[in-house]
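**Q** Okay, here's the structure, questions in a sec.
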Amino acid sequence: MWVALVLLLALPSGTLSLDKLNMCMDGKHHKVQPGPEGQLYSQCAPWRDNACCTTNTSTEAHNDTSYLYKFNWNHCGIMSSKCKKHFIQDTCFYECSPHLGPWIQEADENWRRERILNVPLCKEDCHGWWEDCKNDYTCKSNWHKGWDWSSGINKCPAGSMCRKWTEVYPTPKSMCEQIWSKSYLYTTHSNTSERCMQLWFTGPNPNRKVAEYYLNNAQQQQSFAMTTLLFLAISSFSVMMH
């Protein structure tokens with residue numbers, strides 16, 4: 001009887017997990033459901049077979065101060081093209097990826113109802129991003145908040161100074177984890193490990209297997225916790241009966 005109860009309790013999470021492997025977050029420009037988008041633009045093209053972004057969103061992701069968020073990459077001088085490439089890939093990953101379910105959380109923000117938190121990034125992504133931006137400049141470590149938006153686009157807040165990238169972010173880890181309020185988690189996993197998400201790729205999307213791995217781990221931990229609680233409940237009941 002108790003085994004049957006445990007199985008029944010586990011069913012809802014198993015059903016939910018299927019959605020978490022192929023879903024779109026409730027964001028400002030995300031589609032309701034992922035699906036094919038054959039005309040995704042340039043660096044968003046890898047997601048064309050199954051995407052949470054539209055063609056228009058993918059095009060705007062490549063524009064400076066686009067209508068998506070009115071975000072100005074050039075807030076401390078013109079950002080280098082090799083650095084900007086990573087921010088475009090980051091935007092495509094955020095807008096287009098259908099495999100972020102295990103890391104989607106509720107967000108108390110006026111422009112979105114959900115966000116990602118602690119998505120494990122491959123070390124090549126963090127190191128390559130940091131390396132290509134290390135000679136650029138910025139005035140803030142957390143780009144999610146604290147900007148001066150009085151002109152309609154983000155500007156450095158009063159009292160801040162433009163500093164070299166490596167002063168603001170001494171390591172790839174500090175950049176990846178701080179720049180978007182811990183949306184990303186730095187890992188030492190390589191992009192062949194199937195244990196970390198890739199911001200950009202060629203060929204079939206490798207990130208579904210990664211999401212599946214972390215989701216299965218979370219379910220196993222949940223099942224173990226439920227079994228432990230059930231065992232404790234049975235033990236307590238037995239003590240009471242005797």
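Just so we're on the same page: first chain in the structure tokens is A, next is B, and so on; residues restart at 1 for each chain, and ligands are numbered from 1 in the order they show up.
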Which residues of segment 23-138 of chain A sit at most 10 Å from segment 167-172 of chain A, using only C-alpha atoms? Give each one's shortest atom pair and distance in Å (one decimal place), in chain and ascending residue order, as JSON lines.

**A**
```
{"residue": "A:Lys123", "atom": "CA", "partner": "A:Pro172", "partner_atom": "CA", "distance": 8.6}
{"residue": "A:Glu124", "atom": "CA", "partner": "A:Pro172", "partner_atom": "CA", "distance": 9.8}
{"residue": "A:Asp125", "atom": "CA", "partner": "A:Pro172", "partner_atom": "CA", "distance": 9.2}
{"residue": "A:Cys126", "atom": "CA", "partner": "A:Pro172", "partner_atom": "CA", "distance": 5.5}
{"residue": "A:His127", "atom": "CA", "partner": "A:Pro172", "partner_atom": "CA", "distance": 5.4}
{"residue": "A:Gly128", "atom": "CA", "partner": "A:Pro172", "partner_atom": "CA", "distance": 8.4}
{"residue": "A:Trp129", "atom": "CA", "partner": "A:Pro172", "partner_atom": "CA", "distance": 7.8}
{"residue": "A:Trp130", "atom": "CA", "partner": "A:Pro172", "partner_atom": "CA", "distance": 5.3}
{"residue": "A:Glu131", "atom": "CA", "partner": "A:Pro172", "partner_atom": "CA", "distance": 7.9}
{"residue": "A:Lys134", "atom": "CA", "partner": "A:Tyr169", "partner_atom": "CA", "distance": 8.6}
{"residue": "A:Tyr137", "atom": "CA", "partner": "A:Val168", "partner_atom": "CA", "distance": 8.6}
{"residue": "A:Thr138", "atom": "CA", "partner": "A:Val168", "partner_atom": "CA", "distance": 7.5}
```

**Q** So that I have them on file, write out the residues from the current selection with all heavy atoms, as a short mmCIF file (atom, residue, chain, number, x, y, z; two decimals), in the first residue's frame.

**A**
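Output file result_15.cif is given in full below:
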```
data_model
loop_
_atom_site.label_atom_id
_atom_site.label_comp_id
_atom_site.auth_asym_id
_atom_site.auth_seq_id
_atom_site.Cartn_x
_atom_site.Cartn_y
_atom_site.Cartn_z
N LYS A 123 32.26 25.83 -19.38
CA LYS A 123 33.40 26.71 -19.10
C LYS A 123 33.87 27.42 -20.36
O LYS A 123 34.33 28.56 -20.30
CB LYS A 123 34.55 25.92 -18.48
CG LYS A 123 35.17 24.84 -19.36
CD LYS A 123 36.30 24.13 -18.64
CE LYS A 123 36.93 23.06 -19.53
NZ LYS A 123 38.02 22.34 -18.83
N GLU A 124 33.75 26.75 -21.53
CA GLU A 124 34.17 27.40 -22.78
C GLU A 124 33.36 28.65 -23.07
O GLU A 124 33.88 29.64 -23.58
CB GLU A 124 34.05 26.43 -23.96
CG GLU A 124 35.00 25.25 -23.94
CD GLU A 124 34.45 24.04 -23.20
OE1 GLU A 124 33.42 24.19 -22.48
OE2 GLU A 124 35.04 22.96 -23.32
N ASP A 125 32.06 28.61 -22.73
CA ASP A 125 31.20 29.76 -22.97
C ASP A 125 31.61 30.95 -22.09
O ASP A 125 31.74 32.07 -22.57
CB ASP A 125 29.73 29.40 -22.71
CG ASP A 125 29.16 28.51 -23.80
OD1 ASP A 125 29.42 27.29 -23.78
OD2 ASP A 125 28.47 29.03 -24.68
N CYS A 126 31.81 30.67 -20.80
CA CYS A 126 32.18 31.76 -19.88
C CYS A 126 33.56 32.31 -20.20
O CYS A 126 33.77 33.53 -20.24
CB CYS A 126 32.15 31.27 -18.44
SG CYS A 126 30.49 31.20 -17.73
N HIS A 127 34.51 31.43 -20.43
CA HIS A 127 35.88 31.87 -20.69
C HIS A 127 35.98 32.62 -22.02
O HIS A 127 36.67 33.65 -22.11
CB HIS A 127 36.84 30.69 -20.65
CG HIS A 127 37.17 30.23 -19.26
ND1 HIS A 127 38.33 30.58 -18.61
CD2 HIS A 127 36.47 29.46 -18.39
CE1 HIS A 127 38.34 30.05 -17.41
NE2 HIS A 127 37.22 29.36 -17.24
N GLY A 128 35.31 32.10 -23.04
CA GLY A 128 35.35 32.76 -24.34
C GLY A 128 34.71 34.13 -24.31
O GLY A 128 35.23 35.10 -24.89
N TRP A 129 33.60 34.24 -23.62
CA TRP A 129 32.87 35.51 -23.47
C TRP A 129 33.75 36.54 -22.75
O TRP A 129 33.92 37.67 -23.22
CB TRP A 129 31.59 35.23 -22.69
CG TRP A 129 30.58 36.32 -22.60
CD1 TRP A 129 30.71 37.62 -23.00
CD2 TRP A 129 29.25 36.20 -22.06
NE1 TRP A 129 29.56 38.32 -22.74
CE2 TRP A 129 28.65 37.47 -22.17
CE3 TRP A 129 28.53 35.14 -21.51
CZ2 TRP A 129 27.34 37.70 -21.73
CZ3 TRP A 129 27.22 35.37 -21.07
CH2 TRP A 129 26.64 36.64 -21.19
N TRP A 130 34.31 36.13 -21.61
CA TRP A 130 35.16 37.02 -20.82
C TRP A 130 36.41 37.44 -21.60
O TRP A 130 36.80 38.61 -21.60
CB TRP A 130 35.54 36.33 -19.52
CG TRP A 130 36.34 37.15 -18.56
CD1 TRP A 130 35.88 38.05 -17.65
CD2 TRP A 130 37.76 37.15 -18.42
NE1 TRP A 130 36.91 38.60 -16.93
CE2 TRP A 130 38.08 38.06 -17.38
CE3 TRP A 130 38.80 36.45 -19.04
CZ2 TRP A 130 39.39 38.30 -16.97
CZ3 TRP A 130 40.10 36.68 -18.64
CH2 TRP A 130 40.39 37.60 -17.61
N GLU A 131 37.03 36.48 -22.27
CA GLU A 131 38.25 36.76 -23.03
C GLU A 131 38.00 37.78 -24.14
O GLU A 131 38.81 38.69 -24.36
CB GLU A 131 38.79 35.45 -23.62
CG GLU A 131 40.15 35.56 -24.29
CD GLU A 131 41.29 35.81 -23.31
OE1 GLU A 131 41.17 35.41 -22.13
OE2 GLU A 131 42.30 36.42 -23.73
N LYS A 134 37.43 41.39 -22.50
CA LYS A 134 38.32 41.85 -21.44
C LYS A 134 38.92 43.23 -21.67
O LYS A 134 39.38 43.88 -20.73
CB LYS A 134 39.43 40.82 -21.19
CG LYS A 134 40.43 40.67 -22.32
CD LYS A 134 41.48 39.62 -21.96
CE LYS A 134 42.52 39.50 -23.05
NZ LYS A 134 43.52 38.44 -22.72
N TYR A 137 34.74 48.14 -21.74
CA TYR A 137 34.51 48.90 -20.51
C TYR A 137 33.03 48.84 -20.10
O TYR A 137 32.15 48.75 -20.96
CB TYR A 137 34.92 50.36 -20.70
CG TYR A 137 36.42 50.57 -20.76
CD1 TYR A 137 37.12 50.27 -21.93
CD2 TYR A 137 37.13 51.04 -19.65
CE1 TYR A 137 38.51 50.45 -22.00
CE2 TYR A 137 38.51 51.22 -19.71
CZ TYR A 137 39.19 50.92 -20.88
OH TYR A 137 40.55 51.08 -20.94
N THR A 138 32.80 48.92 -18.80
CA THR A 138 31.45 49.01 -18.27
C THR A 138 31.49 49.75 -16.93
O THR A 138 32.55 49.91 -16.34
CB THR A 138 30.80 47.62 -18.11
OG1 THR A 138 29.44 47.78 -17.71
CG2 THR A 138 31.52 46.79 -17.06
#
```

**Q** Using the chain letters and numbers from this document, which residues of segment 41-156 of chain A does DSSP assign to alpha helix (DSSP H), as a VMD selection string?

**A** chain A and resid 55 to 60 81 to 96 123 to 133

**Q** Since we have the selection now, will you write its residues out, keeping N, CA, C and O atoms, as a compact mmCIF listing (two decimals), in the first residue's frame?

**A**
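What landed in result23.txt:
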```txt
# COMPACT_ATOMS: atom_id res chain seq x y z
N THR A 55 10.77 35.24 -35.57
CA THR A 55 11.73 35.79 -36.51
C THR A 55 12.04 37.24 -36.18
O THR A 55 13.20 37.67 -36.20
N ASN A 56 11.02 38.03 -35.87
CA ASN A 56 11.23 39.44 -35.54
C ASN A 56 12.11 39.62 -34.31
O ASN A 56 13.00 40.47 -34.28
N THR A 57 11.87 38.79 -33.29
CA THR A 57 12.69 38.86 -32.09
C THR A 57 14.15 38.54 -32.41
O THR A 57 15.06 39.20 -31.92
N SER A 58 14.37 37.53 -33.23
CA SER A 58 15.74 37.14 -33.58
C SER A 58 16.45 38.24 -34.34
O SER A 58 17.66 38.46 -34.17
N THR A 59 15.73 38.97 -35.17
CA THR A 59 16.34 40.08 -35.91
C THR A 59 16.70 41.22 -34.97
O THR A 59 17.80 41.77 -35.02
N GLU A 60 15.77 41.57 -34.09
CA GLU A 60 16.01 42.66 -33.15
C GLU A 60 17.14 42.35 -32.16
O GLU A 60 17.80 43.27 -31.68
N SER A 81 33.17 44.46 -31.48
CA SER A 81 32.31 43.50 -32.19
C SER A 81 32.48 42.09 -31.65
O SER A 81 31.51 41.33 -31.57
N LYS A 82 33.69 41.73 -31.24
CA LYS A 82 33.89 40.37 -30.73
C LYS A 82 33.22 40.18 -29.36
O LYS A 82 32.78 39.08 -29.03
N CYS A 83 33.14 41.25 -28.58
CA CYS A 83 32.43 41.19 -27.30
C CYS A 83 30.92 41.16 -27.55
O CYS A 83 30.20 40.34 -26.96
N LYS A 84 30.46 42.02 -28.43
CA LYS A 84 29.02 42.12 -28.70
C LYS A 84 28.46 40.81 -29.24
O LYS A 84 27.30 40.46 -28.97
N LYS A 85 29.28 40.07 -29.97
CA LYS A 85 28.85 38.78 -30.52
C LYS A 85 28.33 37.87 -29.40
O LYS A 85 27.31 37.19 -29.57
N HIS A 86 28.98 37.88 -28.26
CA HIS A 86 28.57 37.02 -27.15
C HIS A 86 27.26 37.49 -26.53
O HIS A 86 26.44 36.68 -26.10
N PHE A 87 27.04 38.80 -26.50
CA PHE A 87 25.79 39.32 -25.96
C PHE A 87 24.61 39.02 -26.89
O PHE A 87 23.49 38.79 -26.43
N ILE A 88 24.88 39.00 -28.18
CA ILE A 88 23.83 38.60 -29.13
C ILE A 88 23.51 37.13 -28.95
O ILE A 88 22.33 36.72 -28.91
N GLN A 89 24.54 36.29 -28.80
CA GLN A 89 24.32 34.87 -28.56
C GLN A 89 23.58 34.65 -27.24
O GLN A 89 22.67 33.80 -27.16
N ASP A 90 23.94 35.42 -26.23
CA ASP A 90 23.26 35.35 -24.93
C ASP A 90 21.79 35.72 -25.07
O ASP A 90 20.91 35.07 -24.49
N THR A 91 21.50 36.76 -25.86
CA THR A 91 20.11 37.17 -26.08
C THR A 91 19.34 36.09 -26.82
O THR A 91 18.19 35.77 -26.47
N CYS A 92 19.95 35.51 -27.86
CA CYS A 92 19.30 34.43 -28.61
C CYS A 92 19.01 33.24 -27.71
O CYS A 92 17.93 32.64 -27.77
N PHE A 93 19.98 32.89 -26.87
CA PHE A 93 19.81 31.77 -25.93
C PHE A 93 18.63 32.03 -25.00
O PHE A 93 17.76 31.17 -24.81
N TYR A 94 18.57 33.23 -24.45
CA TYR A 94 17.51 33.59 -23.51
C TYR A 94 16.14 33.62 -24.19
O TYR A 94 15.15 33.10 -23.64
N GLU A 95 16.08 34.20 -25.36
CA GLU A 95 14.79 34.37 -26.04
C GLU A 95 14.31 33.10 -26.74
O GLU A 95 13.11 32.85 -26.82
N CYS A 96 15.25 32.30 -27.26
CA CYS A 96 14.88 31.20 -28.17
C CYS A 96 14.88 29.81 -27.55
O CYS A 96 14.19 28.93 -28.04
N LYS A 123 32.26 25.83 -19.38
CA LYS A 123 33.40 26.71 -19.10
C LYS A 123 33.87 27.42 -20.36
O LYS A 123 34.33 28.56 -20.30
N GLU A 124 33.75 26.75 -21.53
CA GLU A 124 34.17 27.40 -22.78
C GLU A 124 33.36 28.65 -23.07
O GLU A 124 33.88 29.64 -23.58
N ASP A 125 32.06 28.61 -22.73
CA ASP A 125 31.20 29.76 -22.97
C ASP A 125 31.61 30.95 -22.09
O ASP A 125 31.74 32.07 -22.57
N CYS A 126 31.81 30.67 -20.80
CA CYS A 126 32.18 31.76 -19.88
C CYS A 126 33.56 32.31 -20.20
O CYS A 126 33.77 33.53 -20.24
N HIS A 127 34.51 31.43 -20.43
CA HIS A 127 35.88 31.87 -20.69
C HIS A 127 35.98 32.62 -22.02
O HIS A 127 36.67 33.65 -22.11
N GLY A 128 35.31 32.10 -23.04
CA GLY A 128 35.35 32.76 -24.34
C GLY A 128 34.71 34.13 -24.31
O GLY A 128 35.23 35.10 -24.89
N TRP A 129 33.60 34.24 -23.62
CA TRP A 129 32.87 35.51 -23.47
C TRP A 129 33.75 36.54 -22.75
O TRP A 129 33.92 37.67 -23.22
N TRP A 130 34.31 36.13 -21.61
CA TRP A 130 35.16 37.02 -20.82
C TRP A 130 36.41 37.44 -21.60
O TRP A 130 36.80 38.61 -21.60
N GLU A 131 37.03 36.48 -22.27
CA GLU A 131 38.25 36.76 -23.03
C GLU A 131 38.00 37.78 -24.14
O GLU A 131 38.81 38.69 -24.36
N ASP A 132 36.87 37.66 -24.84
CA ASP A 132 36.57 38.56 -25.95
C ASP A 132 36.10 39.94 -25.48
O ASP A 132 36.04 40.87 -26.29
N CYS A 133 35.75 40.07 -24.21
CA CYS A 133 35.29 41.36 -23.68
C CYS A 133 36.31 42.02 -22.75
O CYS A 133 36.06 43.14 -22.27
```

**Q** Would you mind telling me which residue in A:Lys145, A:Lys28, A:Lys209, A:Lys140 lies nearest to Met161 of chain A when using only C-alpha atoms?

**A**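 Going through A:Lys145, A:Lys28, A:Lys209, A:Lys140 one by one, the smallest distance to Met161 of chain A is for A:Lys140.
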
**Q** For a quick check of understanding, using only C-alpha atoms, which of A:Tyr67, A:Asn142, A:Cys44, A:His30 has the smallest distance to Arg113 of chain A?

**A**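 Of A:Tyr67, A:Asn142, A:Cys44, A:His30, the one nearest Arg113 of chain A, counting only C-alpha atoms, is A:His30.
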
**Q** Mind checking DSSP for segment 51-232 of chain A and telling me the strand (DSSP E or B) residues as a ChimeraX atom specification?

**A** /A:51,75,77,104-109,112-116,119-121,137-138,148,155,163-164,184-186,197

**Q** So which one's closest to Trp103 of chain A, A:Gly27, A:Ser183, A:His189, A:Tyr213? Using only C-alpha atoms, please.

**A**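 Selected residue with least distance to Trp103 of chain A: A:Ser183.
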
**Q** So, counting only C-alpha atoms, which residue among A:Leu185, A:Leu100, A:Cys156, A:Cys53 is closest to Phe71 of chain A?

**A**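 Comparing A:Leu185, A:Leu100, A:Cys156, A:Cys53 against Phe71 of chain A, the winner is A:Cys156.
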